[in-house]
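Below is the file my_file.cif, which contains mmCIF, N, CA and C atoms and all ligand atoms.
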data_my_file
loop_
_atom_site.label_atom_id
_atom_site.label_comp_id
_atom_site.auth_asym_id
_atom_site.auth_seq_id
_atom_site.Cartn_x
_atom_site.Cartn_y
_atom_site.Cartn_z
N MET A 1 -8.20 -7.38 -3.10
CA MET A 1 -7.32 -6.30 -3.46
C MET A 1 -7.02 -6.43 -4.94
N ARG A 2 -7.12 -5.30 -5.64
CA ARG A 2 -6.90 -5.28 -7.09
C ARG A 2 -5.76 -4.33 -7.40
N CYS A 3 -4.93 -4.70 -8.37
CA CYS A 3 -3.82 -3.86 -8.81
C CYS A 3 -4.07 -3.42 -10.24
N GLU A 4 -3.93 -2.14 -10.49
CA GLU A 4 -4.07 -1.59 -11.84
C GLU A 4 -2.72 -1.07 -12.31
N PRO A 5 -2.42 -1.10 -13.60
CA PRO A 5 -3.34 -1.39 -14.69
C PRO A 5 -3.45 -2.86 -15.07
N SER A 6 -2.78 -3.75 -14.36
CA SER A 6 -2.80 -5.16 -14.76
C SER A 6 -4.14 -5.83 -14.51
N GLY A 7 -4.88 -5.33 -13.52
CA GLY A 7 -6.14 -5.98 -13.15
C GLY A 7 -5.95 -7.22 -12.31
N ARG A 8 -4.74 -7.48 -11.87
CA ARG A 8 -4.50 -8.66 -11.02
C ARG A 8 -5.20 -8.46 -9.68
N GLU A 9 -5.80 -9.53 -9.19
CA GLU A 9 -6.55 -9.46 -7.93
C GLU A 9 -6.18 -10.61 -7.02
N VAL A 10 -6.38 -10.39 -5.76
CA VAL A 10 -6.20 -11.45 -4.77
C VAL A 10 -7.18 -11.22 -3.63
N ARG A 11 -7.70 -12.32 -3.10
CA ARG A 11 -8.52 -12.24 -1.89
C ARG A 11 -7.61 -12.52 -0.71
N VAL A 12 -7.69 -11.66 0.27
CA VAL A 12 -6.83 -11.83 1.44
C VAL A 12 -7.69 -11.79 2.70
N VAL A 13 -7.17 -12.32 3.77
CA VAL A 13 -7.88 -12.25 5.04
C VAL A 13 -7.82 -10.82 5.56
N LEU A 14 -8.81 -10.43 6.30
CA LEU A 14 -8.84 -9.08 6.86
C LEU A 14 -7.58 -8.81 7.66
N ASP A 15 -7.11 -7.60 7.58
CA ASP A 15 -5.94 -7.12 8.32
C ASP A 15 -4.61 -7.49 7.65
N THR A 16 -4.67 -8.09 6.45
CA THR A 16 -3.44 -8.31 5.69
C THR A 16 -2.93 -6.95 5.24
N ASN A 17 -1.62 -6.74 5.27
CA ASN A 17 -1.15 -5.44 4.79
C ASN A 17 -1.03 -5.44 3.27
N LEU A 18 -1.05 -4.26 2.70
CA LEU A 18 -1.03 -4.12 1.23
C LEU A 18 0.22 -4.75 0.63
N MET A 19 1.32 -4.65 1.29
CA MET A 19 2.56 -5.21 0.74
C MET A 19 2.43 -6.71 0.55
N ASP A 20 1.94 -7.40 1.54
CA ASP A 20 1.78 -8.85 1.43
C ASP A 20 0.79 -9.19 0.31
N ALA A 21 -0.27 -8.41 0.18
CA ALA A 21 -1.27 -8.66 -0.86
C ALA A 21 -0.67 -8.46 -2.25
N VAL A 22 0.11 -7.38 -2.43
CA VAL A 22 0.74 -7.11 -3.72
C VAL A 22 1.71 -8.24 -4.07
N LEU A 23 2.48 -8.68 -3.11
CA LEU A 23 3.42 -9.76 -3.38
C LEU A 23 2.69 -11.05 -3.74
N GLN A 24 1.50 -11.24 -3.17
CA GLN A 24 0.71 -12.43 -3.49
C GLN A 24 0.24 -12.43 -4.95
N VAL A 25 0.01 -11.26 -5.52
CA VAL A 25 -0.40 -11.23 -6.93
C VAL A 25 0.81 -11.24 -7.87
N GLY A 26 2.01 -11.21 -7.32
CA GLY A 26 3.21 -11.36 -8.13
C GLY A 26 3.73 -10.09 -8.75
N LEU A 27 3.38 -8.95 -8.20
CA LEU A 27 3.92 -7.68 -8.71
C LEU A 27 5.04 -7.20 -7.81
N PRO A 28 6.01 -6.47 -8.39
CA PRO A 28 7.12 -5.97 -7.57
C PRO A 28 6.68 -4.75 -6.76
N LEU A 29 7.32 -4.59 -5.62
CA LEU A 29 7.03 -3.43 -4.79
C LEU A 29 8.33 -3.02 -4.11
N GLY A 30 8.69 -1.75 -4.29
CA GLY A 30 9.94 -1.27 -3.73
C GLY A 30 9.92 -1.30 -2.21
N GLN A 31 11.07 -1.58 -1.63
CA GLN A 31 11.21 -1.49 -0.18
C GLN A 31 12.68 -1.69 0.17
N SER A 32 13.12 -1.00 1.19
CA SER A 32 14.49 -1.20 1.65
C SER A 32 14.59 -1.13 3.16
N CYS A 33 13.45 -1.21 3.84
CA CYS A 33 13.51 -1.12 5.30
C CYS A 33 12.82 -2.30 5.97
N ASP A 34 12.54 -3.35 5.18
CA ASP A 34 11.88 -4.54 5.72
C ASP A 34 10.50 -4.23 6.29
N GLY A 35 9.85 -3.24 5.72
CA GLY A 35 8.47 -2.97 6.09
C GLY A 35 8.26 -2.35 7.45
N VAL A 36 9.18 -1.46 7.84
CA VAL A 36 9.03 -0.83 9.15
C VAL A 36 8.80 0.68 9.04
N ALA A 37 8.24 1.11 7.91
CA ALA A 37 7.83 2.51 7.74
C ALA A 37 8.98 3.50 7.85
N LEU A 38 10.09 3.18 7.19
CA LEU A 38 11.22 4.09 7.18
C LEU A 38 11.59 4.58 5.79
N CYS A 39 11.58 3.70 4.80
CA CYS A 39 12.13 4.06 3.49
C CYS A 39 11.13 4.80 2.59
N GLY A 40 9.88 4.46 2.68
CA GLY A 40 8.87 5.09 1.83
C GLY A 40 8.81 4.53 0.42
N PHE A 41 9.63 3.55 0.11
CA PHE A 41 9.66 3.01 -1.26
C PHE A 41 8.43 2.16 -1.59
N CYS A 42 7.70 1.75 -0.61
CA CYS A 42 6.53 0.89 -0.85
C CYS A 42 5.26 1.72 -1.08
N ARG A 43 5.43 2.98 -1.34
CA ARG A 43 4.30 3.88 -1.53
C ARG A 43 3.44 3.45 -2.72
N VAL A 44 2.14 3.38 -2.50
CA VAL A 44 1.20 3.07 -3.57
C VAL A 44 0.10 4.13 -3.57
N ARG A 45 -0.52 4.28 -4.74
CA ARG A 45 -1.66 5.19 -4.87
C ARG A 45 -2.94 4.36 -4.79
N VAL A 46 -3.85 4.77 -3.94
CA VAL A 46 -5.11 4.04 -3.76
C VAL A 46 -6.14 4.64 -4.73
N LEU A 47 -6.57 3.82 -5.67
CA LEU A 47 -7.54 4.27 -6.68
C LEU A 47 -8.97 4.08 -6.20
N GLY A 48 -9.16 3.16 -5.28
CA GLY A 48 -10.50 2.92 -4.75
C GLY A 48 -10.42 2.19 -3.42
N GLY A 49 -11.36 2.48 -2.54
CA GLY A 49 -11.42 1.78 -1.26
C GLY A 49 -10.50 2.35 -0.19
N LEU A 50 -10.17 3.62 -0.31
CA LEU A 50 -9.27 4.22 0.69
C LEU A 50 -9.82 4.04 2.11
N ASP A 51 -11.14 4.10 2.23
CA ASP A 51 -11.76 3.93 3.55
C ASP A 51 -11.69 2.49 4.06
N ASN A 52 -11.30 1.56 3.18
CA ASN A 52 -11.20 0.16 3.58
C ASN A 52 -9.80 -0.20 4.05
N LEU A 53 -8.98 0.82 4.27
CA LEU A 53 -7.63 0.60 4.80
C LEU A 53 -7.55 1.15 6.21
N SER A 54 -6.68 0.54 7.00
CA SER A 54 -6.46 1.03 8.36
C SER A 54 -5.98 2.48 8.31
N LEU A 55 -6.21 3.20 9.37
CA LEU A 55 -5.73 4.58 9.44
C LEU A 55 -4.21 4.60 9.53
N ALA A 56 -3.62 5.63 8.96
CA ALA A 56 -2.16 5.75 9.00
C ALA A 56 -1.70 6.10 10.41
N GLY A 57 -0.70 5.40 10.87
CA GLY A 57 -0.14 5.67 12.19
C GLY A 57 0.88 6.80 12.11
N ALA A 58 1.44 7.14 13.24
CA ALA A 58 2.38 8.27 13.32
C ALA A 58 3.60 8.06 12.44
N GLU A 59 4.15 6.85 12.41
CA GLU A 59 5.35 6.59 11.61
C GLU A 59 5.06 6.75 10.12
N GLU A 60 3.93 6.21 9.68
CA GLU A 60 3.57 6.34 8.27
C GLU A 60 3.32 7.81 7.92
N ARG A 61 2.61 8.50 8.75
CA ARG A 61 2.32 9.92 8.47
C ARG A 61 3.61 10.73 8.38
N LYS A 62 4.58 10.40 9.20
CA LYS A 62 5.87 11.11 9.19
C LYS A 62 6.59 10.90 7.85
N VAL A 63 6.64 9.63 7.38
CA VAL A 63 7.31 9.34 6.11
C VAL A 63 6.56 10.00 4.96
N MET A 64 5.24 9.92 4.97
CA MET A 64 4.46 10.48 3.87
C MET A 64 4.56 12.00 3.83
N ALA A 65 4.62 12.63 4.97
CA ALA A 65 4.77 14.09 5.00
C ALA A 65 6.14 14.48 4.45
N ALA A 66 7.18 13.73 4.81
CA ALA A 66 8.53 14.03 4.33
C ALA A 66 8.62 13.87 2.82
N GLN A 67 7.80 12.98 2.25
CA GLN A 67 7.82 12.74 0.81
C GLN A 67 6.76 13.57 0.08
N HIS A 68 6.08 14.42 0.80
CA HIS A 68 5.02 15.25 0.21
C HIS A 68 4.01 14.40 -0.56
N ALA A 69 3.63 13.30 0.04
CA ALA A 69 2.69 12.36 -0.60
C ALA A 69 1.29 12.93 -0.62
N ASP A 70 0.53 12.49 -1.62
CA ASP A 70 -0.87 12.88 -1.72
C ASP A 70 -1.70 12.12 -0.68
N PRO A 71 -2.86 12.65 -0.31
CA PRO A 71 -3.70 11.98 0.70
C PRO A 71 -4.15 10.59 0.28
N GLU A 72 -4.22 10.34 -1.04
CA GLU A 72 -4.67 9.01 -1.48
C GLU A 72 -3.52 8.02 -1.65
N GLU A 73 -2.34 8.39 -1.18
CA GLU A 73 -1.21 7.47 -1.21
C GLU A 73 -0.99 6.88 0.18
N ARG A 74 -0.53 5.63 0.19
CA ARG A 74 -0.27 4.95 1.45
C ARG A 74 1.02 4.15 1.34
N LEU A 75 1.60 3.85 2.48
CA LEU A 75 2.72 2.92 2.53
C LEU A 75 2.13 1.52 2.59
N ALA A 76 2.50 0.70 1.62
CA ALA A 76 1.91 -0.65 1.54
C ALA A 76 2.28 -1.51 2.73
N CYS A 77 3.42 -1.23 3.35
CA CYS A 77 3.82 -2.05 4.49
C CYS A 77 3.03 -1.71 5.74
N CYS A 78 2.33 -0.59 5.72
CA CYS A 78 1.61 -0.13 6.91
C CYS A 78 0.09 -0.29 6.78
N ALA A 79 -0.44 -0.06 5.58
CA ALA A 79 -1.89 -0.05 5.38
C ALA A 79 -2.44 -1.48 5.42
N ARG A 80 -3.40 -1.70 6.28
CA ARG A 80 -4.01 -3.03 6.41
C ARG A 80 -5.40 -3.02 5.78
N ILE A 81 -5.71 -4.11 5.10
CA ILE A 81 -6.90 -4.20 4.27
C ILE A 81 -8.10 -4.66 5.10
N ASN A 82 -9.17 -3.87 5.01
CA ASN A 82 -10.40 -4.22 5.73
C ASN A 82 -11.60 -4.32 4.80
N GLY A 83 -11.35 -4.31 3.48
CA GLY A 83 -12.42 -4.38 2.50
C GLY A 83 -11.83 -4.19 1.11
N PRO A 84 -12.68 -4.13 0.08
CA PRO A 84 -12.19 -4.00 -1.29
C PRO A 84 -11.34 -2.75 -1.47
N VAL A 85 -10.22 -2.91 -2.15
CA VAL A 85 -9.32 -1.80 -2.39
C VAL A 85 -8.60 -2.02 -3.73
N THR A 86 -8.34 -0.91 -4.44
CA THR A 86 -7.62 -0.96 -5.70
C THR A 86 -6.44 -0.01 -5.61
N VAL A 87 -5.26 -0.50 -6.00
CA VAL A 87 -4.05 0.32 -5.88
C VAL A 87 -3.25 0.29 -7.17
N THR A 88 -2.33 1.24 -7.30
CA THR A 88 -1.40 1.27 -8.42
C THR A 88 -0.11 1.93 -7.97
N THR A 89 0.92 1.84 -8.83
CA THR A 89 2.17 2.57 -8.62
C THR A 89 2.59 3.15 -9.97
N ASP A 90 3.61 3.98 -9.97
CA ASP A 90 4.11 4.56 -11.22
C ASP A 90 4.83 3.52 -12.06
N TYR A 91 5.30 2.42 -11.46
CA TYR A 91 6.15 1.48 -12.19
C TYR A 91 5.49 0.16 -12.53
N TRP A 92 4.18 0.06 -12.36
CA TRP A 92 3.50 -1.18 -12.81
C TRP A 92 3.04 -1.04 -14.22
S1 LIG B 101 8.87 -0.94 3.08
FE1 LIG B 101 9.93 0.79 3.80
S2 LIG B 101 8.34 2.16 4.27
FE2 LIG B 101 7.29 0.43 3.58
#
Write-out of the structure in C-alpha cells:
Amino acid sequence: MRCEPSGREVRVVLDTNLMDAVLQVGLPLGQSCDGVALCGFCRVRVLGGLDNLSLAGAEERKVMAAQHADPEERLACCARINGPVTVTTDYW
C-alpha cells in the first residue's frame, strides 16, 4: 500500500484494512467511530488499485452516499487490501 504525495509504502498481509495500513506508515487518518463505518472521517481517495480492495458493504455504501463521495473514494476502516493500492487524502 502506497500513500501519496509522501510516497510512503508498507507491505501488509492480505485482508488488512486500509486504516491499519495507513497507520503503519505513520500518517494521520481521521476517525471518530472506532472504525465501524459511521463517521466517514476515514475517507480516502484511491489513486490506483481500486480493484484490489474488497467490495464496499451496505454500511460503507450508506455513509459514502450520504457524503456524496466519488466512486474512487473508500472508507479506510472498511476497505480491505487484496493487492497493490495507492491512496491519498486532502490533508496529507
Ligand atoms: S473510522 Fe468512522 S467510518 Fe471509518
Checklist line | Protein and nucleic residues near ligand LIG 101 (chain B), 5 Å, only N, CA and C atoms and all ligand atoms, as a ChimeraX atom specification | finding: /A:31-42,77
Would you save the residues of that selection, restricted to N, CA and C atoms, as an mmCIF file, in the coordinates of the input?
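Printed below is selection-v5.cif as written:
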data_model
loop_
_atom_site.group_PDB
_atom_site.id
_atom_site.type_symbol
_atom_site.label_atom_id
_atom_site.label_comp_id
_atom_site.auth_asym_id
_atom_site.auth_seq_id
_atom_site.Cartn_x
_atom_site.Cartn_y
_atom_site.Cartn_z
ATOM 1 N N GLN A 31 11.070 -1.580 -1.630
ATOM 2 C CA GLN A 31 11.210 -1.490 -0.180
ATOM 3 C C GLN A 31 12.680 -1.690 0.170
ATOM 4 N N SER A 32 13.120 -1.000 1.190
ATOM 5 C CA SER A 32 14.490 -1.200 1.650
ATOM 6 C C SER A 32 14.590 -1.130 3.160
ATOM 7 N N CYS A 33 13.450 -1.210 3.840
ATOM 8 C CA CYS A 33 13.510 -1.120 5.300
ATOM 9 C C CYS A 33 12.820 -2.300 5.970
ATOM 10 N N ASP A 34 12.540 -3.350 5.180
ATOM 11 C CA ASP A 34 11.880 -4.540 5.720
ATOM 12 C C ASP A 34 10.500 -4.230 6.290
ATOM 13 N N GLY A 35 9.850 -3.240 5.720
ATOM 14 C CA GLY A 35 8.470 -2.970 6.090
ATOM 15 C C GLY A 35 8.260 -2.350 7.450
ATOM 16 N N VAL A 36 9.180 -1.460 7.840
ATOM 17 C CA VAL A 36 9.030 -0.830 9.150
ATOM 18 C C VAL A 36 8.800 0.680 9.040
ATOM 19 N N ALA A 37 8.240 1.110 7.910
ATOM 20 C CA ALA A 37 7.830 2.510 7.740
ATOM 21 C C ALA A 37 8.980 3.500 7.850
ATOM 22 N N LEU A 38 10.090 3.180 7.190
ATOM 23 C CA LEU A 38 11.220 4.090 7.180
ATOM 24 C C LEU A 38 11.590 4.580 5.790
ATOM 25 N N CYS A 39 11.580 3.700 4.800
ATOM 26 C CA CYS A 39 12.130 4.060 3.490
ATOM 27 C C CYS A 39 11.130 4.800 2.590
ATOM 28 N N GLY A 40 9.880 4.460 2.680
ATOM 29 C CA GLY A 40 8.870 5.090 1.830
ATOM 30 C C GLY A 40 8.810 4.530 0.420
ATOM 31 N N PHE A 41 9.630 3.550 0.110
ATOM 32 C CA PHE A 41 9.660 3.010 -1.260
ATOM 33 C C PHE A 41 8.430 2.160 -1.590
ATOM 34 N N CYS A 42 7.700 1.750 -0.610
ATOM 35 C CA CYS A 42 6.530 0.890 -0.850
ATOM 36 C C CYS A 42 5.260 1.720 -1.080
ATOM 37 N N CYS A 77 3.420 -1.230 3.350
ATOM 38 C CA CYS A 77 3.820 -2.050 4.490
ATOM 39 C C CYS A 77 3.030 -1.710 5.740
#
Next item on the list: Give the helix (DSSP H, G or I) residues of chain A, as DSSP finds them on the backbone, and put them as a list in words.
Entry: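 Helix (DSSP H, G or I) assignments inside chain A correspond to Leu18, Met19, Asp20, Ala21, Val22, Leu23, Gln24, Val25, Leu50, Asp51, Asn52, Ala58, Glu59, Glu60, Arg61, Lys62, Val63, Met64, Ala65 and Ala66 of chain A.
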Check: Between A:Gly83, A:Val12, A:Val46, A:Gln24, which one has atoms that come closest to Ala69 in chain A, using only C-alpha atoms?
Finding: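 Residue with the minimum atom-to-atom distance to Ala69 in chain A: A:Val46.
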Margin query: For a test of reading the model, state the distance in Å between CA of Ala79 in chain A and atom N of Gly49 in chain A, rounded to one decimal.
Written below: 12.6 Å
Item checked: Which of range 17-85 of chain A DSSP labels strand (DSSP E), written as a ChimeraX atom specification -> /A:43-48,73-75
Please identify every residue of range 12-73 of chain A that has at least one atom no farther than 7 Å from an atom of range 86-92 of chain A, counting all atoms listed in the file, and for each give the shortest atom pair and the distance in Å to one decimal, arranged by chain then increasing number, as a tab-separated table.
residue	atom	partner	partner_atom	distance
A:Arg43	C	A:Thr89	CA	6.1
A:Val44	CA	A:Thr88	C	4.7
A:Arg45	N	A:Thr88	C	4.0
A:Val46	CA	A:Val87	CA	4.4
A:Leu47	N	A:Thr86	C	3.8
A:Gly48	C	A:Thr86	N	3.9
A:Gly49	N	A:Thr86	N	4.9
A:Leu50	N	A:Thr86	N	6.4
Next item on the list: Rank A:Lys62, A:Arg80, A:Val85, A:Leu27 by their smallest atom-to-atom distance to Asp15 in chain A, using all atoms listed in the file, and report the top residue only.
Entry: A:Arg80
Note to self: Considering only N, CA and C atoms, can you say which of A:Leu75, A:Ala58, A:Ala65, A:Cys3 comes closest to Met19 in chain A?
What the structure shows: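 Once distances to Met19 in chain A are computed over only N, CA and C atoms, the minimum belongs to A:Leu75.
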As lines of an AutoDock Vina configuration file, what would the box around range 71-88 of chain A look like: edges along x, y and z, 6 Å added on every side, centre and edge lengths in Å to one decimal?
center_x = -4.4
center_y = 4.0
center_z = -0.8
size_x = 28.5
size_y = 29.3
size_z = 27.3
Item checked: Contacts of Leu18 in chain A at 6 Å (only N, CA and C atoms; same-chain gap of 2+ positions) as a list in words -> Thr16, Asp20, Ala21, Val22, Leu23, Ala76, Cys77, Cys78, Ala79, Arg80 and Ile81 of chain A
Notebook entry, point to check: If you measure from CA of Glu59 in chain A to atom N of Asn82 in chain A, what distance in Å do you get, rounded to one decimal?
Noted result: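 These two atoms are separated by 19.1 Å.
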Checklist line | Distance of atom C of Pro84 in chain A from CA of Met1 in chain A, expressed in Å to one decimal place | finding: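 Taking CA of Met1 in chain A and atom C of Pro84 in chain A, their separation equals 5.7 Å.
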